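Structure file run-v9.pdb (PDB, C-alpha atoms) follows.
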```pdb
ATOM      1  CA  MET P 149       0.000   0.000   0.000  1.00  0.00           C
ATOM      2  CA  VAL P 150       2.839   2.399   0.886  1.00  0.00           C
ATOM      3  CA  LYS P 151       4.536   1.561  -2.433  1.00  0.00           C
ATOM      4  CA  GLN P 152       1.323   2.294  -4.337  1.00  0.00           C
ATOM      5  CA  GLU P 153       0.869   5.630  -2.574  1.00  0.00           C
ATOM      6  CA  ARG P 154       4.467   6.585  -3.327  1.00  0.00           C
ATOM      7  CA  ALA P 155       4.048   5.577  -6.971  1.00  0.00           C
ATOM      8  CA  GLY P 156       0.852   7.641  -7.162  1.00  0.00           C
ATOM      9  CA  ARG P 157       2.604  10.685  -5.692  1.00  0.00           C
ATOM     10  CA  THR P 158       5.493  10.284  -8.139  1.00  0.00           C
ATOM     11  CA  ARG P 159       3.109   9.984 -11.088  1.00  0.00           C
ATOM     12  CA  ARG P 160       1.227  13.140 -10.004  1.00  0.00           C
ATOM     13  CA  ALA P 161       4.503  15.030  -9.508  1.00  0.00           C
ATOM     14  CA  VAL P 162       5.686  14.041 -12.992  1.00  0.00           C
ATOM     15  CA  LEU P 163       2.354  15.045 -14.570  1.00  0.00           C
ATOM     16  CA  LEU P 164       2.406  18.412 -12.826  1.00  0.00           C
ATOM     17  CA  ALA P 165       6.030  19.024 -13.819  1.00  0.00           C
ATOM     18  CA  ALA P 166       5.214  18.042 -17.406  1.00  0.00           C
ATOM     19  CA  ALA P 167       2.231  20.402 -17.472  1.00  0.00           C
ATOM     20  CA  ASP P 168       4.408  23.242 -16.140  1.00  0.00           C
ATOM     21  CA  THR P 169       7.076  22.542 -18.743  1.00  0.00           C
ATOM     22  CA  PHE P 170       4.650  22.167 -21.653  1.00  0.00           C
ATOM     23  CA  ALA P 171       2.817  25.360 -20.630  1.00  0.00           C
ATOM     24  CA  ASP P 172       6.104  27.300 -20.387  1.00  0.00           C
ATOM     25  CA  ALA P 173       8.101  25.900 -23.288  1.00  0.00           C
ATOM     26  CA  GLY P 174       5.624  24.099 -25.538  1.00  0.00           C
ATOM     27  CA  PHE P 175       5.680  20.421 -26.477  1.00  0.00           C
ATOM     28  CA  GLU P 176       8.527  20.579 -29.012  1.00  0.00           C
ATOM     29  CA  SER P 177      10.945  22.481 -26.743  1.00  0.00           C
ATOM     30  CA  ALA P 178      10.152  20.564 -23.551  1.00  0.00           C
ATOM     31  CA  SER P 179      12.774  17.997 -22.553  1.00  0.00           C
ATOM     32  CA  LEU P 180      12.317  14.941 -20.379  1.00  0.00           C
ATOM     33  CA  ILE P 181      15.408  15.944 -18.391  1.00  0.00           C
ATOM     34  CA  ASP P 182      13.791  19.300 -17.521  1.00  0.00           C
ATOM     35  CA  ILE P 183      10.551  17.549 -16.591  1.00  0.00           C
ATOM     36  CA  SER P 184      12.291  14.988 -14.351  1.00  0.00           C
ATOM     37  CA  ARG P 185      14.241  17.792 -12.618  1.00  0.00           C
ATOM     38  CA  ARG P 186      11.079  19.818 -12.016  1.00  0.00           C
ATOM     39  CA  ALA P 187       9.375  16.722 -10.617  1.00  0.00           C
ATOM     40  CA  GLY P 188      12.363  15.913  -8.409  1.00  0.00           C
ATOM     41  CA  VAL P 189      12.608  12.362  -9.754  1.00  0.00           C
ATOM     42  CA  SER P 190      15.160  10.433 -11.791  1.00  0.00           C
ATOM     43  CA  LYS P 191      14.679   9.962 -15.510  1.00  0.00           C
ATOM     44  CA  GLY P 192      14.228   6.236 -14.788  1.00  0.00           C
ATOM     45  CA  ALA P 193      11.347   6.988 -12.409  1.00  0.00           C
ATOM     46  CA  LEU P 194       9.780   9.192 -15.079  1.00  0.00           C
ATOM     47  CA  TYR P 195      10.080   6.403 -17.690  1.00  0.00           C
ATOM     48  CA  PHE P 196       8.530   3.935 -15.236  1.00  0.00           C
ATOM     49  CA  HIS P 197       5.289   5.926 -15.439  1.00  0.00           C
ATOM     50  CA  PHE P 198       5.508   7.419 -18.954  1.00  0.00           C
ATOM     51  CA  VAL P 199       7.447   5.727 -21.743  1.00  0.00           C
ATOM     52  CA  SER P 200       7.855   8.874 -23.867  1.00  0.00           C
ATOM     53  CA  LYS P 201       7.246  12.596 -24.063  1.00  0.00           C
ATOM     54  CA  GLN P 202       4.166  11.850 -26.165  1.00  0.00           C
ATOM     55  CA  ALA P 203       2.827   9.563 -23.424  1.00  0.00           C
ATOM     56  CA  LEU P 204       3.356  12.400 -20.945  1.00  0.00           C
ATOM     57  CA  ALA P 205       1.480  14.819 -23.193  1.00  0.00           C
ATOM     58  CA  ASP P 206      -1.349  12.287 -23.500  1.00  0.00           C
ATOM     59  CA  GLY P 207      -1.414  11.994 -19.697  1.00  0.00           C
ATOM     60  CA  VAL P 208      -1.612  15.774 -19.261  1.00  0.00           C
ATOM     61  CA  ARG P 209      -4.417  16.013 -21.834  1.00  0.00           C
ATOM     62  CA  ALA P 210      -6.343  13.188 -20.147  1.00  0.00           C
ATOM     63  CA  ALA P 211      -5.983  14.833 -16.713  1.00  0.00           C
ATOM     64  CA  ALA P 212      -7.174  18.164 -18.138  1.00  0.00           C
ATOM     65  CA  ALA P 213     -10.149  16.454 -19.783  1.00  0.00           C
ATOM     66  CA  ARG P 214     -11.110  14.872 -16.436  1.00  0.00           C
ATOM     67  CA  GLU P 215     -11.084  18.273 -14.695  1.00  0.00           C
ATOM     68  CA  ILE P 216     -13.184  19.912 -17.417  1.00  0.00           C
ATOM     69  CA  GLY P 217     -15.490  16.891 -17.527  1.00  0.00           C
ATOM     70  CA  SER P 218     -16.006  17.101 -13.769  1.00  0.00           C
ATOM     71  CA  ALA P 219     -16.945  20.803 -14.069  1.00  0.00           C
ATOM     72  CA  ALA P 220     -19.327  19.984 -16.920  1.00  0.00           C
ATOM     73  CA  LEU P 221     -20.971  17.184 -14.913  1.00  0.00           C
ATOM     74  CA  HIS P 222     -21.427  19.544 -11.963  1.00  0.00           C
ATOM     75  CA  ALA P 223     -23.065  22.117 -14.263  1.00  0.00           C
ATOM     76  CA  ARG P 224     -25.454  19.528 -15.689  1.00  0.00           C
ATOM     77  CA  ARG P 225     -26.456  18.217 -12.252  1.00  0.00           C
ATOM     78  CA  CYS P 226     -26.780  21.626 -10.613  1.00  0.00           C
ATOM     79  CA  GLY P 227     -30.243  22.655  -9.491  1.00  0.00           C
ATOM     80  CA  GLY P 228     -31.759  26.000 -10.350  1.00  0.00           C
ATOM     81  CA  PRO P 229     -32.171  27.658 -13.741  1.00  0.00           C
ATOM     82  CA  ALA P 230     -30.368  25.782 -16.509  1.00  0.00           C
ATOM     83  CA  PHE P 231     -29.161  28.974 -18.140  1.00  0.00           C
ATOM     84  CA  GLN P 232     -27.516  30.066 -14.893  1.00  0.00           C
ATOM     85  CA  SER P 233     -25.722  26.700 -14.817  1.00  0.00           C
ATOM     86  CA  LEU P 234     -24.506  27.420 -18.346  1.00  0.00           C
ATOM     87  CA  ILE P 235     -23.174  30.847 -17.340  1.00  0.00           C
ATOM     88  CA  ASP P 236     -21.549  29.424 -14.201  1.00  0.00           C
ATOM     89  CA  PHE P 237     -19.911  26.637 -16.232  1.00  0.00           C
ATOM     90  CA  SER P 238     -18.377  29.170 -18.628  1.00  0.00           C
ATOM     91  CA  HIS P 239     -16.851  31.023 -15.674  1.00  0.00           C
ATOM     92  CA  GLU P 240     -15.554  27.769 -14.195  1.00  0.00           C
ATOM     93  CA  LEU P 241     -14.013  26.764 -17.532  1.00  0.00           C
ATOM     94  CA  ALA P 242     -12.222  30.116 -17.737  1.00  0.00           C
ATOM     95  CA  ARG P 243     -11.033  29.761 -14.127  1.00  0.00           C
ATOM     96  CA  LEU P 244      -9.666  26.272 -14.749  1.00  0.00           C
ATOM     97  CA  VAL P 245      -7.661  27.383 -17.786  1.00  0.00           C
ATOM     98  CA  ARG P 246      -6.490  30.498 -15.927  1.00  0.00           C
ATOM     99  CA  GLU P 247      -5.496  28.837 -12.631  1.00  0.00           C
ATOM    100  CA  ASP P 248      -4.902  25.128 -13.228  1.00  0.00           C
ATOM    101  CA  VAL P 249      -1.638  24.518 -15.099  1.00  0.00           C
ATOM    102  CA  VAL P 250      -2.645  20.951 -16.006  1.00  0.00           C
ATOM    103  CA  VAL P 251      -5.840  22.160 -17.668  1.00  0.00           C
ATOM    104  CA  ARG P 252      -4.026  25.045 -19.360  1.00  0.00           C
ATOM    105  CA  ALA P 253      -1.272  22.765 -20.700  1.00  0.00           C
ATOM    106  CA  GLY P 254      -3.793  20.124 -21.745  1.00  0.00           C
ATOM    107  CA  VAL P 255      -5.763  22.668 -23.757  1.00  0.00           C
ATOM    108  CA  GLN P 256      -2.580  24.055 -25.347  1.00  0.00           C
ATOM    109  CA  LEU P 257      -1.422  20.542 -26.266  1.00  0.00           C
ATOM    110  CA  GLY P 258      -4.797  19.830 -27.808  1.00  0.00           C
ATOM    111  CA  GLN P 259      -4.443  22.868 -30.053  1.00  0.00           C
ATOM    112  CA  GLY P 260      -0.950  21.875 -31.124  1.00  0.00           C
ATOM    113  CA  GLY P 261      -2.168  19.192 -33.469  1.00  0.00           C
ATOM    114  CA  ARG P 262      -1.460  16.253 -31.126  1.00  0.00           C
ATOM    115  CA  GLY P 263      -5.015  14.980 -31.321  1.00  0.00           C
ATOM    116  CA  GLY P 264      -8.066  15.397 -29.163  1.00  0.00           C
ATOM    117  CA  ALA P 265      -8.793  19.077 -29.883  1.00  0.00           C
ATOM    118  CA  ALA P 266     -11.784  18.403 -32.128  1.00  0.00           C
ATOM    119  CA  ASP P 267     -13.150  15.853 -29.649  1.00  0.00           C
ATOM    120  CA  ALA P 268     -12.706  18.295 -26.761  1.00  0.00           C
ATOM    121  CA  TRP P 269     -14.630  21.095 -28.497  1.00  0.00           C
ATOM    122  CA  CYS P 270     -17.279  18.600 -29.638  1.00  0.00           C
ATOM    123  CA  SER P 271     -17.736  17.485 -26.019  1.00  0.00           C
ATOM    124  CA  LEU P 272     -17.987  21.104 -24.901  1.00  0.00           C
ATOM    125  CA  ARG P 273     -20.604  21.817 -27.565  1.00  0.00           C
ATOM    126  CA  SER P 274     -22.538  18.802 -26.294  1.00  0.00           C
ATOM    127  CA  VAL P 275     -22.499  20.202 -22.719  1.00  0.00           C
ATOM    128  CA  PHE P 276     -23.677  23.604 -23.945  1.00  0.00           C
ATOM    129  CA  GLY P 277     -26.343  21.890 -26.065  1.00  0.00           C
ATOM    130  CA  ARG P 278     -27.752  19.894 -23.149  1.00  0.00           C
ATOM    131  CA  LEU P 279     -27.891  22.920 -20.877  1.00  0.00           C
ATOM    132  CA  LEU P 280     -29.568  24.945 -23.625  1.00  0.00           C
ATOM    133  CA  GLU P 281     -32.124  22.149 -24.116  1.00  0.00           C
ATOM    134  CA  ARG P 282     -32.937  22.285 -20.395  1.00  0.00           C
ATOM    135  CA  ALA P 283     -33.195  26.073 -20.527  1.00  0.00           C
ATOM    136  CA  HIS P 284     -35.484  25.836 -23.573  1.00  0.00           C
ATOM    137  CA  ALA P 285     -37.719  23.237 -21.883  1.00  0.00           C
ATOM    138  CA  ALA P 286     -38.003  25.544 -18.857  1.00  0.00           C
ATOM    139  CA  GLY P 287     -39.022  28.496 -21.057  1.00  0.00           C
ATOM    140  CA  GLU P 288     -35.834  30.449 -20.303  1.00  0.00           C
ATOM    141  CA  LEU P 289     -34.891  31.126 -23.941  1.00  0.00           C
ATOM    142  CA  HIS P 290     -36.348  33.144 -26.800  1.00  0.00           C
ATOM    143  CA  PRO P 291     -38.787  30.721 -28.492  1.00  0.00           C
ATOM    144  CA  GLU P 292     -37.090  31.180 -31.881  1.00  0.00           C
ATOM    145  CA  VAL P 293     -33.550  30.338 -30.661  1.00  0.00           C
ATOM    146  CA  ASP P 294     -31.974  27.570 -32.753  1.00  0.00           C
ATOM    147  CA  LEU P 295     -30.440  25.351 -30.067  1.00  0.00           C
ATOM    148  CA  ARG P 296     -27.808  23.797 -32.331  1.00  0.00           C
ATOM    149  CA  ARG P 297     -26.587  27.157 -33.583  1.00  0.00           C
ATOM    150  CA  ALA P 298     -26.675  28.621 -30.079  1.00  0.00           C
ATOM    151  CA  ALA P 299     -24.490  25.736 -28.815  1.00  0.00           C
ATOM    152  CA  GLU P 300     -22.074  26.307 -31.696  1.00  0.00           C
ATOM    153  CA  LEU P 301     -21.950  30.047 -30.935  1.00  0.00           C
ATOM    154  CA  LEU P 302     -21.187  29.464 -27.250  1.00  0.00           C
ATOM    155  CA  THR P 303     -18.533  26.864 -28.148  1.00  0.00           C
ATOM    156  CA  THR P 304     -16.909  29.319 -30.557  1.00  0.00           C
ATOM    157  CA  LEU P 305     -16.904  32.037 -27.883  1.00  0.00           C
ATOM    158  CA  ALA P 306     -15.362  29.644 -25.329  1.00  0.00           C
ATOM    159  CA  ALA P 307     -12.772  28.462 -27.846  1.00  0.00           C
ATOM    160  CA  GLY P 308     -11.881  32.046 -28.689  1.00  0.00           C
ATOM    161  CA  LEU P 309     -11.339  32.881 -25.032  1.00  0.00           C
ATOM    162  CA  VAL P 310      -9.170  29.829 -24.479  1.00  0.00           C
ATOM    163  CA  LEU P 311      -7.138  29.987 -27.694  1.00  0.00           C
ATOM    164  CA  LEU P 312      -6.338  33.683 -27.358  1.00  0.00           C
ATOM    165  CA  ALA P 313      -5.553  33.449 -23.641  1.00  0.00           C
ATOM    166  CA  PRO P 314      -1.831  32.574 -24.027  1.00  0.00           C
ATOM    167  CA  ASP P 315      -1.301  35.945 -25.748  1.00  0.00           C
ATOM    168  CA  ASP P 316      -3.562  37.864 -23.355  1.00  0.00           C
ATOM    169  CA  ALA P 317      -4.209  36.324 -19.921  1.00  0.00           C
ATOM    170  CA  ASP P 318      -6.867  38.989 -19.203  1.00  0.00           C
ATOM    171  CA  ARG P 319      -9.191  37.247 -21.684  1.00  0.00           C
ATOM    172  CA  LEU P 320      -9.932  34.609 -19.054  1.00  0.00           C
ATOM    173  CA  ARG P 321     -10.629  37.012 -16.204  1.00  0.00           C
ATOM    174  CA  PRO P 322     -14.196  37.036 -14.827  1.00  0.00           C
ATOM    175  CA  GLU P 323     -14.706  40.539 -16.276  1.00  0.00           C
ATOM    176  CA  ALA P 324     -13.951  39.260 -19.781  1.00  0.00           C
ATOM    177  CA  VAL P 325     -16.428  36.375 -19.454  1.00  0.00           C
ATOM    178  CA  HIS P 326     -18.971  38.850 -18.044  1.00  0.00           C
ATOM    179  CA  SER P 327     -18.509  41.090 -21.105  1.00  0.00           C
ATOM    180  CA  LEU P 328     -19.180  38.185 -23.465  1.00  0.00           C
ATOM    181  CA  TRP P 329     -22.382  37.312 -21.630  1.00  0.00           C
ATOM    182  CA  THR P 330     -23.455  40.965 -21.665  1.00  0.00           C
ATOM    183  CA  ALA P 331     -23.356  40.747 -25.452  1.00  0.00           C
ATOM    184  CA  ALA P 332     -24.733  37.195 -25.860  1.00  0.00           C
ATOM    185  CA  LEU P 333     -27.498  37.113 -23.239  1.00  0.00           C
ATOM    186  CA  PRO P 334     -30.029  39.382 -25.011  1.00  0.00           C
ATOM    187  CA  ALA P 335     -29.774  37.223 -28.145  1.00  0.00           C
ATOM    188  CA  LEU P 336     -30.696  34.082 -26.218  1.00  0.00           C
ATOM    189  CA  VAL P 337     -32.949  35.159 -23.355  1.00  0.00           C
ATOM    190  CA  PRO P 338     -36.053  37.395 -23.401  1.00  0.00           C
ATOM    191  CA  ALA P 339     -35.319  40.940 -22.191  1.00  0.00           C
ATOM    192  CA  GLU P 340     -37.547  40.594 -19.131  1.00  0.00           C
ATOM    193  CA  ARG P 341     -35.532  37.557 -17.935  1.00  0.00           C
ATOM    194  CA  CYS P 342     -32.001  38.953 -18.480  1.00  0.00           C
ATOM    195  CA  ALA P 343     -31.813  40.608 -15.054  1.00  0.00           C
ATOM    196  CA  ALA P 344     -32.508  37.261 -13.365  1.00  0.00           C
ATOM    197  CA  TYR P 345     -29.081  35.866 -14.285  1.00  0.00           C
ATOM    198  CA  ARG P 346     -25.710  36.532 -12.661  1.00  0.00           C
ATOM    199  CA  ILE P 347     -23.299  36.959 -15.513  1.00  0.00           C
TER     200      ILE P 347
END
```
Take the structure I supplied and represent it as structure tokens, if you would.
Amino acid sequence: MVKQERAGRTRRAVLLAAADTFADAGFESASLIDISRRAGVSKGALYFHFVSKQALADGVRAAAAREIGSAALHARRCGGPAFQSLIDFSHELARLVREDVVVRAGVQLGQGGRGGAADAWCSLRSVFGRLLERAHAAGELHPEVDLRRAAELLTTLAAGLVLLAPDDADRLRPEAVHSLWTAALPALVPAERCAAYRI
């Protein structure tokens, strides 16, 4: 049991060090020696858990996907107005990318052509779509809103925030997400309901 706990701690340390290195230097420039030093483990210990730099990148992406998936599940299970859950989820997504280096690195790796980016955005669109369906069923949306197009719009806005964030960290601040909702809310929700949501 002690051995398993130690192995788990080592694996987490290596993943965190890899995420830090990938976020700072990018996948191509990151070296396994730098990652093992950051993690405080030998290169042999690193290879015990991850056989290559690509395996490490896959591990970081998978860990990021779990964090985002957990936030999405929370949003879908949350009580209260569905549209508020959607707004809250967008803020949580921005916070994760802003504050969690594993999520940030995982998203950056996904955009670098190493696979998974299309699947990630498709999953996000699915979350937005389900929350919009709930909001529609509860009468929270304009009756004429096209749910598929609305989900695509929200996914595009989220992707824009995330993809532009490395060049401008302020894009993921709560004020930036608030500004997007200030613009998008009237297109999706009747005017008399807009004031009911915390954006």
Could you give me, as a count of residues only, the residues within 9 Å of Ala298 in chain P, counting all atoms listed in the file and dropping anything in the same chain fewer than 6 positions from it? 4
Rank nothing, just name the residue among P:Glu323, P:Gln256, P:Glu240, P:Gly217 nearest to Ser274 in chain P, using only C-alpha atoms. P:Gly217
Find the nearest atom pair between each residue of range 196-312 of chain P and range 160-182 of chain P for residues within 12 Å, count only C-alpha atoms, give distances in Å to one decimal, sort rows by chain and ascending number, and present the table as JSON lines.
```
{"residue": "P:Phe196", "atom": "CA", "partner": "P:Val162", "partner_atom": "CA", "distance": 10.7}
{"residue": "P:His197", "atom": "CA", "partner": "P:Val162", "partner_atom": "CA", "distance": 8.5}
{"residue": "P:Phe198", "atom": "CA", "partner": "P:Val162", "partner_atom": "CA", "distance": 8.9}
{"residue": "P:Val199", "atom": "CA", "partner": "P:Leu180", "partner_atom": "CA", "distance": 10.5}
{"residue": "P:Ser200", "atom": "CA", "partner": "P:Leu180", "partner_atom": "CA", "distance": 8.3}
{"residue": "P:Lys201", "atom": "CA", "partner": "P:Leu180", "partner_atom": "CA", "distance": 6.7}
{"residue": "P:Gln202", "atom": "CA", "partner": "P:Phe175", "partner_atom": "CA", "distance": 8.7}
{"residue": "P:Ala203", "atom": "CA", "partner": "P:Leu163", "partner_atom": "CA", "distance": 10.4}
{"residue": "P:Leu204", "atom": "CA", "partner": "P:Ala166", "partner_atom": "CA", "distance": 6.9}
{"residue": "P:Ala205", "atom": "CA", "partner": "P:Ala166", "partner_atom": "CA", "distance": 7.6}
{"residue": "P:Asp206", "atom": "CA", "partner": "P:Leu163", "partner_atom": "CA", "distance": 10.1}
{"residue": "P:Gly207", "atom": "CA", "partner": "P:Leu163", "partner_atom": "CA", "distance": 7.1}
{"residue": "P:Val208", "atom": "CA", "partner": "P:Leu163", "partner_atom": "CA", "distance": 6.2}
{"residue": "P:Arg209", "atom": "CA", "partner": "P:Ala167", "partner_atom": "CA", "distance": 9.1}
{"residue": "P:Ala210", "atom": "CA", "partner": "P:Leu163", "partner_atom": "CA", "distance": 10.5}
{"residue": "P:Ala211", "atom": "CA", "partner": "P:Leu163", "partner_atom": "CA", "distance": 8.6}
{"residue": "P:Ala212", "atom": "CA", "partner": "P:Ala167", "partner_atom": "CA", "distance": 9.7}
{"residue": "P:Val245", "atom": "CA", "partner": "P:Ala171", "partner_atom": "CA", "distance": 11.0}
{"residue": "P:Arg246", "atom": "CA", "partner": "P:Ala171", "partner_atom": "CA", "distance": 11.6}
{"residue": "P:Glu247", "atom": "CA", "partner": "P:Asp168", "partner_atom": "CA", "distance": 11.9}
{"residue": "P:Asp248", "atom": "CA", "partner": "P:Ala167", "partner_atom": "CA", "distance": 9.6}
{"residue": "P:Val249", "atom": "CA", "partner": "P:Ala167", "partner_atom": "CA", "distance": 6.1}
{"residue": "P:Val250", "atom": "CA", "partner": "P:Ala167", "partner_atom": "CA", "distance": 5.1}
{"residue": "P:Val251", "atom": "CA", "partner": "P:Ala167", "partner_atom": "CA", "distance": 8.3}
{"residue": "P:Arg252", "atom": "CA", "partner": "P:Ala171", "partner_atom": "CA", "distance": 7.0}
{"residue": "P:Ala253", "atom": "CA", "partner": "P:Ala171", "partner_atom": "CA", "distance": 4.8}
{"residue": "P:Gly254", "atom": "CA", "partner": "P:Ala167", "partner_atom": "CA", "distance": 7.4}
{"residue": "P:Val255", "atom": "CA", "partner": "P:Ala171", "partner_atom": "CA", "distance": 9.5}
{"residue": "P:Gln256", "atom": "CA", "partner": "P:Ala171", "partner_atom": "CA", "distance": 7.3}
{"residue": "P:Leu257", "atom": "CA", "partner": "P:Phe175", "partner_atom": "CA", "distance": 7.1}
{"residue": "P:Gly258", "atom": "CA", "partner": "P:Phe175", "partner_atom": "CA", "distance": 10.6}
{"residue": "P:Gln259", "atom": "CA", "partner": "P:Phe175", "partner_atom": "CA", "distance": 11.0}
{"residue": "P:Gly260", "atom": "CA", "partner": "P:Phe175", "partner_atom": "CA", "distance": 8.2}
{"residue": "P:Gly261", "atom": "CA", "partner": "P:Phe175", "partner_atom": "CA", "distance": 10.6}
{"residue": "P:Arg262", "atom": "CA", "partner": "P:Phe175", "partner_atom": "CA", "distance": 9.5}
```
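When the PyMOL selection byres ((chain P and resi 309) around 9) is evaluated on the file shown here, the picked residues come out as Ala242, Thr304, Leu305, Ala306, Ala307, Gly308, Val310, Leu311, Leu312, Ala313, Arg319, Leu320, Ala324 and Val325 of chain P.
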Would you mind listing what lies within 9 Å of Val293 in chain P as a list in words, with only C-alpha atoms counted and same-chain residues fewer than 4 positions away left out?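 Counting only C-alpha atoms, the residues come to His284, Leu289, Arg297, Ala298, Ala335, Leu336 and Val337 of chain P.
Restricting the calculation to all atoms listed in the file, the smallest distance between Gly188 in chain P and any of P:Cys270, P:Ile216, P:Ala344, P:Arg157 is found for P:Arg157.
Pairwise distance (CA of Arg273 in chain P, CA of Leu295 in chain P) equals 10.7 Å.
The coordinates place CA of Ala339 in chain P at 14.1 Å from CA of Phe231 in chain P.
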Could you jot down the CA of Pro291 in chain P to CA of Leu328 in chain P separation for me, Å, one decimal place?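 Interatomic distance here is 21.6 Å.
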Selected residue, from P:Leu241, P:Val275, P:Ala230, P:Ile235, that lies nearest to Thr330 in chain P when counting all atoms listed in the file: P:Ile235
Quick one: of P:Arg185, P:Gln232, P:Arg321, P:Ser238, who's nearest to Ala219 in chain P, counting all atoms listed in the file? P:Ser238
Need the shell around Pro338 in chain P: protein/DNA/RNA residues with any atom at most 6 Å away, counting all atoms listed in the file. Skip same-chain ones fewer than 2 positions apart. Format as a ChimeraX atom specification? /P:290,340-341
Save out the residues we just selected, C-alpha atoms, as a PDB file, in the coordinates of the input.
```
ATOM      1  CA  HIS P 290     -36.348  33.144 -26.800  1.00  0.00           C
ATOM      2  CA  GLU P 340     -37.547  40.594 -19.131  1.00  0.00           C
ATOM      3  CA  ARG P 341     -35.532  37.557 -17.935  1.00  0.00           C
TER       4      ARG P 341
END
```
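The residue that comes closest to Cys226 in chain P, out of P:Arg282, P:Asp318, P:Ala332, P:Tyr195 and on the basis of only C-alpha atoms, is P:Arg282.
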